[in-house]
>>> print(open('start27.txt').read())   # compact mmCIF, N, CA and C atoms
# COMPACT_ATOMS: atom_id res chain seq x y z
N MET Y 1 66.35 45.50 105.83
CA MET Y 1 66.98 46.73 106.29
C MET Y 1 67.55 47.48 105.09
N ALA Y 2 67.15 48.71 104.96
CA ALA Y 2 67.60 49.53 103.83
C ALA Y 2 69.03 50.02 104.05
N THR Y 3 69.77 50.09 102.97
CA THR Y 3 71.14 50.59 103.00
C THR Y 3 71.14 52.10 102.85
N ASP Y 4 71.92 52.78 103.69
CA ASP Y 4 72.05 54.23 103.56
C ASP Y 4 72.84 54.56 102.29
N TYR Y 5 72.35 55.57 101.56
CA TYR Y 5 73.05 56.06 100.37
C TYR Y 5 73.46 57.50 100.68
N PRO Y 6 74.75 57.82 100.60
CA PRO Y 6 75.24 59.12 101.06
C PRO Y 6 74.98 60.29 100.12
N GLY Y 7 74.18 60.08 99.09
CA GLY Y 7 73.99 61.14 98.10
C GLY Y 7 72.55 61.47 97.81
N LEU Y 8 72.34 62.00 96.62
CA LEU Y 8 71.05 62.49 96.15
C LEU Y 8 70.41 61.48 95.21
N LEU Y 9 69.13 61.24 95.41
CA LEU Y 9 68.33 60.50 94.45
C LEU Y 9 67.62 61.53 93.59
N LEU Y 10 67.85 61.49 92.27
CA LEU Y 10 67.23 62.42 91.33
C LEU Y 10 66.34 61.63 90.39
N LEU Y 11 65.06 61.98 90.37
CA LEU Y 11 64.13 61.37 89.43
C LEU Y 11 63.79 62.41 88.38
N SER Y 12 64.30 62.19 87.16
CA SER Y 12 64.11 63.14 86.06
C SER Y 12 64.36 62.45 84.74
N ARG Y 13 63.58 62.83 83.73
CA ARG Y 13 63.80 62.35 82.37
C ARG Y 13 64.70 63.27 81.57
N ASN Y 14 65.09 64.39 82.17
CA ASN Y 14 65.85 65.43 81.48
C ASN Y 14 67.36 65.14 81.57
N ASP Y 15 67.95 64.74 80.44
CA ASP Y 15 69.39 64.42 80.41
C ASP Y 15 70.26 65.60 80.82
N ALA Y 16 69.90 66.80 80.37
CA ALA Y 16 70.69 67.99 80.68
C ALA Y 16 70.65 68.28 82.18
N LEU Y 17 69.49 68.15 82.79
CA LEU Y 17 69.37 68.36 84.24
C LEU Y 17 70.21 67.35 85.00
N ARG Y 18 70.11 66.09 84.60
CA ARG Y 18 70.89 65.04 85.28
C ARG Y 18 72.38 65.32 85.16
N ALA Y 19 72.83 65.70 83.98
CA ALA Y 19 74.25 65.99 83.77
C ALA Y 19 74.69 67.19 84.62
N TYR Y 20 73.85 68.22 84.69
CA TYR Y 20 74.17 69.40 85.48
C TYR Y 20 74.30 69.06 86.97
N VAL Y 21 73.32 68.31 87.49
CA VAL Y 21 73.35 67.93 88.90
C VAL Y 21 74.56 67.06 89.19
N ASP Y 22 74.84 66.11 88.31
CA ASP Y 22 76.04 65.26 88.46
C ASP Y 22 77.30 66.12 88.54
N LEU Y 23 77.43 67.07 87.64
CA LEU Y 23 78.61 67.94 87.58
C LEU Y 23 78.75 68.77 88.86
N VAL Y 24 77.67 69.44 89.25
CA VAL Y 24 77.71 70.32 90.41
C VAL Y 24 78.02 69.54 91.69
N LEU Y 25 77.38 68.38 91.86
CA LEU Y 25 77.59 67.63 93.10
C LEU Y 25 78.90 66.86 93.11
N SER Y 26 79.43 66.52 91.94
CA SER Y 26 80.73 65.84 91.92
C SER Y 26 81.82 66.76 92.46
N GLU Y 27 81.63 68.08 92.30
CA GLU Y 27 82.58 69.05 92.84
C GLU Y 27 82.65 68.97 94.36
N ARG Y 28 81.56 68.53 94.98
CA ARG Y 28 81.49 68.41 96.44
C ARG Y 28 81.62 66.96 96.90
N GLY Y 29 81.85 66.06 95.97
CA GLY Y 29 82.01 64.65 96.33
C GLY Y 29 80.72 63.97 96.74
N ILE Y 30 79.59 64.51 96.28
CA ILE Y 30 78.28 63.94 96.62
C ILE Y 30 77.81 63.08 95.45
N PRO Y 31 77.59 61.79 95.68
CA PRO Y 31 77.13 60.93 94.59
C PRO Y 31 75.67 61.21 94.23
N VAL Y 32 75.33 60.92 92.98
CA VAL Y 32 73.95 61.09 92.49
C VAL Y 32 73.50 59.79 91.87
N ARG Y 33 72.33 59.34 92.26
CA ARG Y 33 71.70 58.18 91.64
C ARG Y 33 70.46 58.71 90.95
N HIS Y 34 70.31 58.46 89.66
CA HIS Y 34 69.13 58.99 88.97
C HIS Y 34 68.41 57.91 88.19
N PHE Y 35 67.12 58.15 88.04
CA PHE Y 35 66.25 57.27 87.27
C PHE Y 35 65.36 58.13 86.39
N ASP Y 36 65.04 57.60 85.20
CA ASP Y 36 64.13 58.28 84.28
C ASP Y 36 62.68 58.12 84.72
N LEU Y 37 62.37 56.98 85.29
CA LEU Y 37 60.98 56.66 85.63
C LEU Y 37 60.79 56.64 87.14
N ALA Y 38 59.67 57.20 87.58
CA ALA Y 38 59.36 57.24 89.01
C ALA Y 38 59.31 55.83 89.59
N ARG Y 39 58.73 54.91 88.86
CA ARG Y 39 58.60 53.53 89.34
C ARG Y 39 59.97 52.93 89.67
N GLU Y 40 60.95 53.16 88.80
CA GLU Y 40 62.30 52.64 89.04
C GLU Y 40 62.90 53.23 90.31
N GLY Y 41 62.71 54.53 90.49
CA GLY Y 41 63.21 55.20 91.69
C GLY Y 41 62.53 54.69 92.95
N LEU Y 42 61.23 54.46 92.87
CA LEU Y 42 60.50 53.95 94.04
C LEU Y 42 60.95 52.53 94.39
N PHE Y 43 61.20 51.71 93.38
CA PHE Y 43 61.72 50.36 93.65
C PHE Y 43 63.10 50.44 94.30
N TRP Y 44 63.94 51.36 93.85
CA TRP Y 44 65.26 51.54 94.43
C TRP Y 44 65.15 51.95 95.90
N LEU Y 45 64.16 52.79 96.20
CA LEU Y 45 63.97 53.27 97.58
C LEU Y 45 63.57 52.16 98.55
N VAL Y 46 63.06 51.05 98.04
CA VAL Y 46 62.71 49.92 98.92
C VAL Y 46 63.95 49.45 99.68
N ASP Y 47 65.10 49.45 99.01
CA ASP Y 47 66.33 48.92 99.61
C ASP Y 47 67.37 49.98 99.97
N HIS Y 48 67.07 51.26 99.73
CA HIS Y 48 68.06 52.32 99.96
C HIS Y 48 67.41 53.53 100.63
N THR Y 49 68.19 54.21 101.45
CA THR Y 49 67.75 55.46 102.07
C THR Y 49 68.73 56.55 101.66
N PRO Y 50 68.36 57.38 100.68
CA PRO Y 50 69.27 58.44 100.25
C PRO Y 50 69.31 59.58 101.27
N ARG Y 51 70.33 60.38 101.16
CA ARG Y 51 70.43 61.53 102.05
C ARG Y 51 69.48 62.64 101.63
N TYR Y 52 69.20 62.73 100.31
CA TYR Y 52 68.31 63.75 99.73
C TYR Y 52 67.55 63.14 98.56
N VAL Y 53 66.37 63.72 98.27
CA VAL Y 53 65.59 63.30 97.10
C VAL Y 53 65.15 64.56 96.35
N LEU Y 54 65.38 64.58 95.04
CA LEU Y 54 64.94 65.67 94.18
C LEU Y 54 64.14 65.08 93.03
N LEU Y 55 62.91 65.56 92.88
CA LEU Y 55 62.01 65.10 91.82
C LEU Y 55 61.83 66.23 90.82
N ASP Y 56 61.90 65.91 89.54
CA ASP Y 56 61.66 66.89 88.49
C ASP Y 56 60.16 66.93 88.19
N GLN Y 57 59.64 68.11 87.99
CA GLN Y 57 58.23 68.27 87.65
C GLN Y 57 57.88 67.51 86.38
N ASP Y 58 58.84 67.38 85.47
CA ASP Y 58 58.60 66.73 84.18
C ASP Y 58 58.81 65.22 84.26
N LEU Y 59 58.50 64.63 85.39
CA LEU Y 59 58.62 63.19 85.57
C LEU Y 59 57.53 62.49 84.75
N ASP Y 60 57.63 61.19 84.59
CA ASP Y 60 56.66 60.44 83.79
C ASP Y 60 55.29 60.36 84.46
N VAL Y 61 55.21 60.63 85.75
CA VAL Y 61 53.95 60.70 86.49
C VAL Y 61 53.98 61.97 87.35
N ASP Y 62 52.89 62.25 88.03
CA ASP Y 62 52.81 63.44 88.87
C ASP Y 62 53.86 63.39 89.98
N PRO Y 63 54.81 64.31 89.98
CA PRO Y 63 55.87 64.27 90.98
C PRO Y 63 55.36 64.50 92.41
N PHE Y 64 54.25 65.22 92.53
CA PHE Y 64 53.69 65.45 93.86
C PHE Y 64 53.08 64.18 94.43
N ALA Y 65 52.51 63.35 93.57
CA ALA Y 65 52.00 62.04 94.01
C ALA Y 65 53.16 61.15 94.45
N VAL Y 66 54.26 61.21 93.72
CA VAL Y 66 55.45 60.43 94.09
C VAL Y 66 55.99 60.93 95.42
N ALA Y 67 56.05 62.25 95.59
CA ALA Y 67 56.54 62.83 96.84
C ALA Y 67 55.66 62.40 98.02
N ALA Y 68 54.34 62.42 97.82
CA ALA Y 68 53.43 62.01 98.89
C ALA Y 68 53.65 60.54 99.24
N ARG Y 69 53.87 59.74 98.24
CA ARG Y 69 54.11 58.31 98.48
C ARG Y 69 55.41 58.10 99.27
N ILE Y 70 56.44 58.84 98.92
CA ILE Y 70 57.72 58.74 99.64
C ILE Y 70 57.54 59.19 101.09
N ARG Y 71 56.78 60.25 101.29
CA ARG Y 71 56.55 60.77 102.64
C ARG Y 71 55.78 59.79 103.53
N HIS Y 72 55.04 58.87 102.94
CA HIS Y 72 54.28 57.89 103.73
C HIS Y 72 55.14 56.75 104.25
N VAL Y 73 56.40 56.68 103.82
CA VAL Y 73 57.31 55.64 104.31
C VAL Y 73 58.02 56.21 105.54
N ARG Y 74 57.80 55.58 106.68
CA ARG Y 74 58.34 56.09 107.94
C ARG Y 74 59.85 56.36 107.85
N ARG Y 75 60.59 55.43 107.28
CA ARG Y 75 62.04 55.54 107.17
C ARG Y 75 62.48 56.75 106.34
N LEU Y 76 61.62 57.22 105.44
CA LEU Y 76 61.98 58.31 104.53
C LEU Y 76 61.40 59.66 104.93
N LYS Y 77 60.63 59.71 106.00
CA LYS Y 77 59.96 60.95 106.40
C LYS Y 77 60.90 62.12 106.63
N GLU Y 78 62.07 61.83 107.17
CA GLU Y 78 63.01 62.91 107.51
C GLU Y 78 64.01 63.22 106.40
N VAL Y 79 63.96 62.48 105.30
CA VAL Y 79 64.87 62.74 104.18
C VAL Y 79 64.42 64.03 103.48
N PRO Y 80 65.32 65.01 103.33
CA PRO Y 80 64.94 66.24 102.62
C PRO Y 80 64.49 65.89 101.20
N LEU Y 81 63.29 66.40 100.84
CA LEU Y 81 62.69 66.08 99.56
C LEU Y 81 62.20 67.37 98.91
N ALA Y 82 62.54 67.55 97.65
CA ALA Y 82 62.10 68.75 96.93
C ALA Y 82 61.63 68.36 95.53
N VAL Y 83 60.75 69.21 95.00
CA VAL Y 83 60.28 69.06 93.62
C VAL Y 83 60.73 70.29 92.86
N LEU Y 84 61.37 70.06 91.73
CA LEU Y 84 61.81 71.14 90.85
C LEU Y 84 60.62 71.53 89.98
N ILE Y 85 60.14 72.78 90.12
CA ILE Y 85 58.90 73.19 89.47
C ILE Y 85 59.08 74.43 88.59
N GLU Y 86 58.12 74.60 87.68
CA GLU Y 86 58.00 75.85 86.96
C GLU Y 86 57.49 76.89 87.96
N PRO Y 87 57.90 78.15 87.84
CA PRO Y 87 57.51 79.16 88.83
C PRO Y 87 56.06 79.64 88.65
N THR Y 88 55.12 78.80 89.06
CA THR Y 88 53.70 79.18 89.02
C THR Y 88 53.10 79.03 90.41
N GLU Y 89 52.07 79.79 90.66
CA GLU Y 89 51.40 79.74 91.96
C GLU Y 89 50.78 78.36 92.19
N LYS Y 90 50.23 77.77 91.14
CA LYS Y 90 49.62 76.44 91.26
C LYS Y 90 50.62 75.41 91.76
N HIS Y 91 51.82 75.40 91.19
CA HIS Y 91 52.84 74.44 91.61
C HIS Y 91 53.35 74.72 93.01
N ARG Y 92 53.52 76.01 93.35
CA ARG Y 92 53.95 76.35 94.71
C ARG Y 92 52.92 75.91 95.73
N THR Y 93 51.64 76.13 95.42
CA THR Y 93 50.56 75.73 96.33
C THR Y 93 50.50 74.22 96.48
N THR Y 94 50.62 73.50 95.39
CA THR Y 94 50.60 72.03 95.44
C THR Y 94 51.75 71.52 96.30
N ALA Y 95 52.93 72.09 96.14
CA ALA Y 95 54.09 71.67 96.95
C ALA Y 95 53.82 71.93 98.43
N GLU Y 96 53.19 73.06 98.72
CA GLU Y 96 52.87 73.39 100.12
C GLU Y 96 51.88 72.39 100.71
N VAL Y 97 50.86 72.02 99.94
CA VAL Y 97 49.86 71.07 100.41
C VAL Y 97 50.48 69.69 100.65
N VAL Y 98 51.37 69.26 99.76
CA VAL Y 98 52.02 67.96 99.88
C VAL Y 98 53.14 68.01 100.93
N ARG Y 99 53.53 69.21 101.33
CA ARG Y 99 54.58 69.42 102.33
C ARG Y 99 55.95 68.99 101.84
N VAL Y 100 56.25 69.43 100.62
CA VAL Y 100 57.60 69.24 100.09
C VAL Y 100 58.15 70.61 99.70
N LYS Y 101 59.44 70.70 99.70
CA LYS Y 101 60.09 71.94 99.29
C LYS Y 101 59.97 72.08 97.77
N ALA Y 102 59.62 73.27 97.33
CA ALA Y 102 59.57 73.56 95.89
C ALA Y 102 60.81 74.38 95.53
N ILE Y 103 61.51 73.93 94.51
CA ILE Y 103 62.65 74.67 93.98
C ILE Y 103 62.25 75.10 92.57
N GLU Y 104 62.23 76.41 92.35
CA GLU Y 104 61.78 76.91 91.05
C GLU Y 104 62.88 76.78 90.00
N LYS Y 105 62.43 76.39 88.80
CA LYS Y 105 63.33 76.31 87.65
C LYS Y 105 63.68 77.72 87.21
N PRO Y 106 64.84 77.95 86.68
CA PRO Y 106 65.90 76.99 86.41
C PRO Y 106 66.68 76.67 87.69
N LEU Y 107 67.17 75.44 87.75
CA LEU Y 107 67.98 75.02 88.89
C LEU Y 107 69.37 75.64 88.76
N THR Y 108 69.80 76.28 89.83
CA THR Y 108 71.14 76.86 89.85
C THR Y 108 71.95 76.15 90.93
N ARG Y 109 73.22 76.34 90.87
CA ARG Y 109 74.13 75.78 91.86
C ARG Y 109 73.72 76.24 93.27
N ASP Y 110 73.45 77.54 93.43
CA ASP Y 110 73.08 78.06 94.74
C ASP Y 110 71.78 77.45 95.27
N LYS Y 111 70.78 77.31 94.39
CA LYS Y 111 69.52 76.69 94.82
C LYS Y 111 69.74 75.24 95.26
N LEU Y 112 70.53 74.52 94.50
CA LEU Y 112 70.81 73.13 94.83
C LEU Y 112 71.58 73.03 96.15
N TYR Y 113 72.60 73.85 96.31
CA TYR Y 113 73.37 73.84 97.56
C TYR Y 113 72.52 74.22 98.77
N ARG Y 114 71.63 75.20 98.61
CA ARG Y 114 70.75 75.57 99.73
C ARG Y 114 69.85 74.41 100.12
N PHE Y 115 69.30 73.71 99.13
CA PHE Y 115 68.45 72.54 99.41
C PHE Y 115 69.24 71.48 100.18
N LEU Y 116 70.49 71.28 99.80
CA LEU Y 116 71.32 70.26 100.44
C LEU Y 116 71.93 70.74 101.76
N GLY Y 117 71.68 72.01 102.10
CA GLY Y 117 72.23 72.55 103.34
C GLY Y 117 73.72 72.80 103.29
N LEU Y 118 74.23 73.07 102.09
CA LEU Y 118 75.67 73.26 101.91
C LEU Y 118 76.08 74.73 101.89
N GLY Y 119 75.15 75.64 102.07
CA GLY Y 119 75.50 77.05 102.02
C GLY Y 119 75.67 77.51 100.59
N GLU Y 120 76.38 78.58 100.45
CA GLU Y 120 76.56 79.19 99.13
C GLU Y 120 77.60 78.43 98.31
N ALA Y 121 77.46 78.57 97.01
CA ALA Y 121 78.42 77.96 96.08
C ALA Y 121 79.70 78.76 96.11
N HIS Y 122 80.82 78.07 96.06
CA HIS Y 122 82.11 78.74 96.01
C HIS Y 122 82.76 78.42 94.68
N VAL Y 123 83.09 79.47 93.95
CA VAL Y 123 83.74 79.29 92.65
C VAL Y 123 85.22 79.40 92.86
N ASN Y 124 85.96 78.39 92.43
CA ASN Y 124 87.41 78.41 92.59
C ASN Y 124 88.06 79.09 91.41
>>> encode(input="start27.txt", output="structure tokens")
Amino acid sequence: MATDYPGLLLLSRNDALRAYVDLVLSERGIPVRHFDLAREGLFWLVDHTPRYVLLDQDLDVDPFAVAARIRHVRRLKEVPLAVLIEPTEKHRTTAEVVRVKAIEKPLTRDKLYRFLGLGEAHVN
């Protein structure tokens, strides 16, 4: 039985992206678990069910293949999943075919909050 994880699983090799996501979500009290390698993240998913999954296009393998693999797990079908992509028609089309949400780079607070269903960002 997989353990529920109340936060975001981020698969990315980009240190700056991971730090940014950590910072933005810590403001909302949402934990982030990240891995550099898709394989590590997939192994983690065997025992955990995150609330959200975000894959970086610059992953060590094709992020759309990883997304398709995650979607084939019954327990993970309803978990919101997005791929952070360069703004090209090819990437948007691939995301549509794989049936994952595409978030165009650069990632902003508002884009991240919309993906998580948190509404607009509020600056204090």
>>> atom_distance(input="start27.txt", atom1="atom CA of Thr108 of chain Y", atom2="atom CA of Leu59 of chain Y")
19.0 Å
>>> atom_distance(input="start27.txt", atom1="atom C of Asn14 of chain Y", atom2="atom N of Gln57 of chain Y")
10.5 Å
>>> atom_distance(input="start27.txt", atom1="atom CA of Leu37 of chain Y", atom2="atom CA of Val100 of chain Y")
19.5 Å
>>> select_by_dssp(input="start27.txt", residues="segment 7-80 of chain Y", states="strand (DSSP E or B)", output="ChimeraX atom specification")
/Y:7-11,32-35,48-56
>>> residues_around(input="start27.txt", residues="segment 82-97 of chain Y", least_positions_apart="2", cutoff="8 Å", atoms="all atoms listed in the file", output="list in words")
Tyr52, Val53, Leu54, Leu55, Asp56, Gln57, Asp58, Pro63, Phe64, Ala67, Val79, Pro80, Arg99, Val100, Lys101, Ala102, Ile103, Glu104, Lys105, Pro106, Leu107 and Phe115 of chain Y
>>> closest_residue(input="start27.txt", among="Y:Val32, Y:Val21, Y:Tyr5, Y:Arg13", to="Asp47 of chain Y", atoms="all atoms listed in the file")
Y:Tyr5
>>> build_atoms(input="start27.txt", residues="segment 41-52 of chain Y", atoms="all heavy atoms", output="PDB file, in the frame of the given file")
ATOM      1  N   GLY Y  41      62.710  54.530  90.490  1.00  0.00           N
ATOM      2  CA  GLY Y  41      63.210  55.200  91.690  1.00  0.00           C
ATOM      3  C   GLY Y  41      62.530  54.690  92.950  1.00  0.00           C
ATOM      4  O   GLY Y  41      63.183  54.490  93.981  1.00  0.00           O
ATOM      5  N   LEU Y  42      61.230  54.460  92.870  1.00  0.00           N
ATOM      6  CA  LEU Y  42      60.500  53.950  94.040  1.00  0.00           C
ATOM      7  C   LEU Y  42      60.950  52.530  94.390  1.00  0.00           C
ATOM      8  O   LEU Y  42      61.087  52.187  95.569  1.00  0.00           O
ATOM      9  CB  LEU Y  42      58.988  54.003  93.797  1.00  0.00           C
ATOM     10  CG  LEU Y  42      58.388  55.418  93.758  1.00  0.00           C
ATOM     11  CD1 LEU Y  42      56.931  55.369  93.319  1.00  0.00           C
ATOM     12  CD2 LEU Y  42      58.538  56.118  95.097  1.00  0.00           C
ATOM     13  N   PHE Y  43      61.200  51.710  93.380  1.00  0.00           N
ATOM     14  CA  PHE Y  43      61.720  50.360  93.650  1.00  0.00           C
ATOM     15  C   PHE Y  43      63.100  50.440  94.300  1.00  0.00           C
ATOM     16  O   PHE Y  43      63.413  49.683  95.216  1.00  0.00           O
ATOM     17  CB  PHE Y  43      61.798  49.520  92.368  1.00  0.00           C
ATOM     18  CG  PHE Y  43      60.488  48.905  91.968  1.00  0.00           C
ATOM     19  CD1 PHE Y  43      60.037  49.021  90.664  1.00  0.00           C
ATOM     20  CD2 PHE Y  43      59.702  48.209  92.876  1.00  0.00           C
ATOM     21  CE1 PHE Y  43      58.829  48.454  90.278  1.00  0.00           C
ATOM     22  CE2 PHE Y  43      58.496  47.639  92.503  1.00  0.00           C
ATOM     23  CZ  PHE Y  43      58.057  47.767  91.202  1.00  0.00           C
ATOM     24  N   TRP Y  44      63.940  51.360  93.850  1.00  0.00           N
ATOM     25  CA  TRP Y  44      65.260  51.540  94.430  1.00  0.00           C
ATOM     26  C   TRP Y  44      65.150  51.950  95.900  1.00  0.00           C
ATOM     27  O   TRP Y  44      65.935  51.506  96.748  1.00  0.00           O
ATOM     28  CB  TRP Y  44      66.045  52.565  93.607  1.00  0.00           C
ATOM     29  CG  TRP Y  44      67.459  52.769  94.053  1.00  0.00           C
ATOM     30  CD1 TRP Y  44      68.543  52.007  93.717  1.00  0.00           C
ATOM     31  CD2 TRP Y  44      67.958  53.813  94.894  1.00  0.00           C
ATOM     32  NE1 TRP Y  44      69.672  52.524  94.305  1.00  0.00           N
ATOM     33  CE2 TRP Y  44      69.340  53.630  95.037  1.00  0.00           C
ATOM     34  CE3 TRP Y  44      67.360  54.890  95.543  1.00  0.00           C
ATOM     35  CZ2 TRP Y  44      70.140  54.474  95.792  1.00  0.00           C
ATOM     36  CZ3 TRP Y  44      68.153  55.739  96.301  1.00  0.00           C
ATOM     37  CH2 TRP Y  44      69.526  55.522  96.419  1.00  0.00           C
ATOM     38  N   LEU Y  45      64.160  52.790  96.200  1.00  0.00           N
ATOM     39  CA  LEU Y  45      63.970  53.270  97.580  1.00  0.00           C
ATOM     40  C   LEU Y  45      63.570  52.160  98.550  1.00  0.00           C
ATOM     41  O   LEU Y  45      63.730  52.311  99.751  1.00  0.00           O
ATOM     42  CB  LEU Y  45      62.919  54.380  97.614  1.00  0.00           C
ATOM     43  CG  LEU Y  45      63.403  55.752  97.162  1.00  0.00           C
ATOM     44  CD1 LEU Y  45      62.228  56.713  97.033  1.00  0.00           C
ATOM     45  CD2 LEU Y  45      64.452  56.299  98.122  1.00  0.00           C
ATOM     46  N   VAL Y  46      63.060  51.050  98.040  1.00  0.00           N
ATOM     47  CA  VAL Y  46      62.710  49.920  98.920  1.00  0.00           C
ATOM     48  C   VAL Y  46      63.950  49.450  99.680  1.00  0.00           C
ATOM     49  O   VAL Y  46      63.874  49.117 100.865  1.00  0.00           O
ATOM     50  CB  VAL Y  46      62.089  48.764  98.112  1.00  0.00           C
ATOM     51  CG1 VAL Y  46      61.956  47.515  98.964  1.00  0.00           C
ATOM     52  CG2 VAL Y  46      60.736  49.181  97.547  1.00  0.00           C
ATOM     53  N   ASP Y  47      65.100  49.450  99.010  1.00  0.00           N
ATOM     54  CA  ASP Y  47      66.330  48.920  99.610  1.00  0.00           C
ATOM     55  C   ASP Y  47      67.370  49.980  99.970  1.00  0.00           C
ATOM     56  O   ASP Y  47      68.460  49.632 100.429  1.00  0.00           O
ATOM     57  CB  ASP Y  47      66.980  47.918  98.641  1.00  0.00           C
ATOM     58  CG  ASP Y  47      66.099  46.696  98.420  1.00  0.00           C
ATOM     59  OD1 ASP Y  47      65.497  46.215  99.390  1.00  0.00           O
ATOM     60  OD2 ASP Y  47      66.024  46.236  97.267  1.00  0.00           O
ATOM     61  N   HIS Y  48      67.070  51.260  99.730  1.00  0.00           N
ATOM     62  CA  HIS Y  48      68.060  52.320  99.960  1.00  0.00           C
ATOM     63  C   HIS Y  48      67.410  53.530 100.630  1.00  0.00           C
ATOM     64  O   HIS Y  48      66.237  53.833 100.366  1.00  0.00           O
ATOM     65  CB  HIS Y  48      68.685  52.770  98.635  1.00  0.00           C
ATOM     66  CG  HIS Y  48      69.385  51.673  97.915  1.00  0.00           C
ATOM     67  ND1 HIS Y  48      68.738  50.829  97.052  1.00  0.00           N
ATOM     68  CD2 HIS Y  48      70.672  51.264  97.946  1.00  0.00           C
ATOM     69  CE1 HIS Y  48      69.596  49.944  96.575  1.00  0.00           C
ATOM     70  NE2 HIS Y  48      70.777  50.189  97.106  1.00  0.00           N
ATOM     71  N   THR Y  49      68.190  54.210 101.450  1.00  0.00           N
ATOM     72  CA  THR Y  49      67.750  55.460 102.070  1.00  0.00           C
ATOM     73  C   THR Y  49      68.730  56.550 101.660  1.00  0.00           C
ATOM     74  O   THR Y  49      69.835  56.633 102.208  1.00  0.00           O
ATOM     75  CB  THR Y  49      67.723  55.339 103.609  1.00  0.00           C
ATOM     76  OG1 THR Y  49      66.899  54.241 103.976  1.00  0.00           O
ATOM     77  CG2 THR Y  49      67.189  56.622 104.244  1.00  0.00           C
ATOM     78  N   PRO Y  50      68.360  57.380 100.680  1.00  0.00           N
ATOM     79  CA  PRO Y  50      69.270  58.440 100.250  1.00  0.00           C
ATOM     80  C   PRO Y  50      69.310  59.580 101.270  1.00  0.00           C
ATOM     81  O   PRO Y  50      68.415  59.701 102.116  1.00  0.00           O
ATOM     82  CB  PRO Y  50      68.647  58.924  98.938  1.00  0.00           C
ATOM     83  CG  PRO Y  50      67.190  58.672  99.120  1.00  0.00           C
ATOM     84  CD  PRO Y  50      67.099  57.411  99.949  1.00  0.00           C
ATOM     85  N   ARG Y  51      70.330  60.380 101.160  1.00  0.00           N
ATOM     86  CA  ARG Y  51      70.430  61.530 102.050  1.00  0.00           C
ATOM     87  C   ARG Y  51      69.480  62.640 101.630  1.00  0.00           C
ATOM     88  O   ARG Y  51      68.994  63.413 102.449  1.00  0.00           O
ATOM     89  CB  ARG Y  51      71.874  62.029 102.047  1.00  0.00           C
ATOM     90  CG  ARG Y  51      72.154  63.015 103.116  1.00  0.00           C
ATOM     91  CD  ARG Y  51      73.599  63.009 103.483  1.00  0.00           C
ATOM     92  NE  ARG Y  51      73.827  63.987 104.525  1.00  0.00           N
ATOM     93  CZ  ARG Y  51      74.996  64.469 104.820  1.00  0.00           C
ATOM     94  NH1 ARG Y  51      76.050  64.057 104.166  1.00  0.00           N
ATOM     95  NH2 ARG Y  51      75.140  65.349 105.774  1.00  0.00           N
ATOM     96  N   TYR Y  52      69.200  62.730 100.310  1.00  0.00           N
ATOM     97  CA  TYR Y  52      68.310  63.750  99.730  1.00  0.00           C
ATOM     98  C   TYR Y  52      67.550  63.140  98.560  1.00  0.00           C
ATOM     99  O   TYR Y  52      68.056  62.221  97.918  1.00  0.00           O
ATOM    100  CB  TYR Y  52      69.098  64.945  99.173  1.00  0.00           C
ATOM    101  CG  TYR Y  52      70.246  65.420 100.008  1.00  0.00           C
ATOM    102  CD1 TYR Y  52      71.542  64.968  99.760  1.00  0.00           C
ATOM    103  CD2 TYR Y  52      70.050  66.325 101.046  1.00  0.00           C
ATOM    104  CE1 TYR Y  52      72.618  65.401 100.526  1.00  0.00           C
ATOM    105  CE2 TYR Y  52      71.117  66.767 101.817  1.00  0.00           C
ATOM    106  CZ  TYR Y  52      72.393  66.300 101.556  1.00  0.00           C
ATOM    107  OH  TYR Y  52      73.451  66.728 102.312  1.00  0.00           O
TER     108      TYR Y  52
END
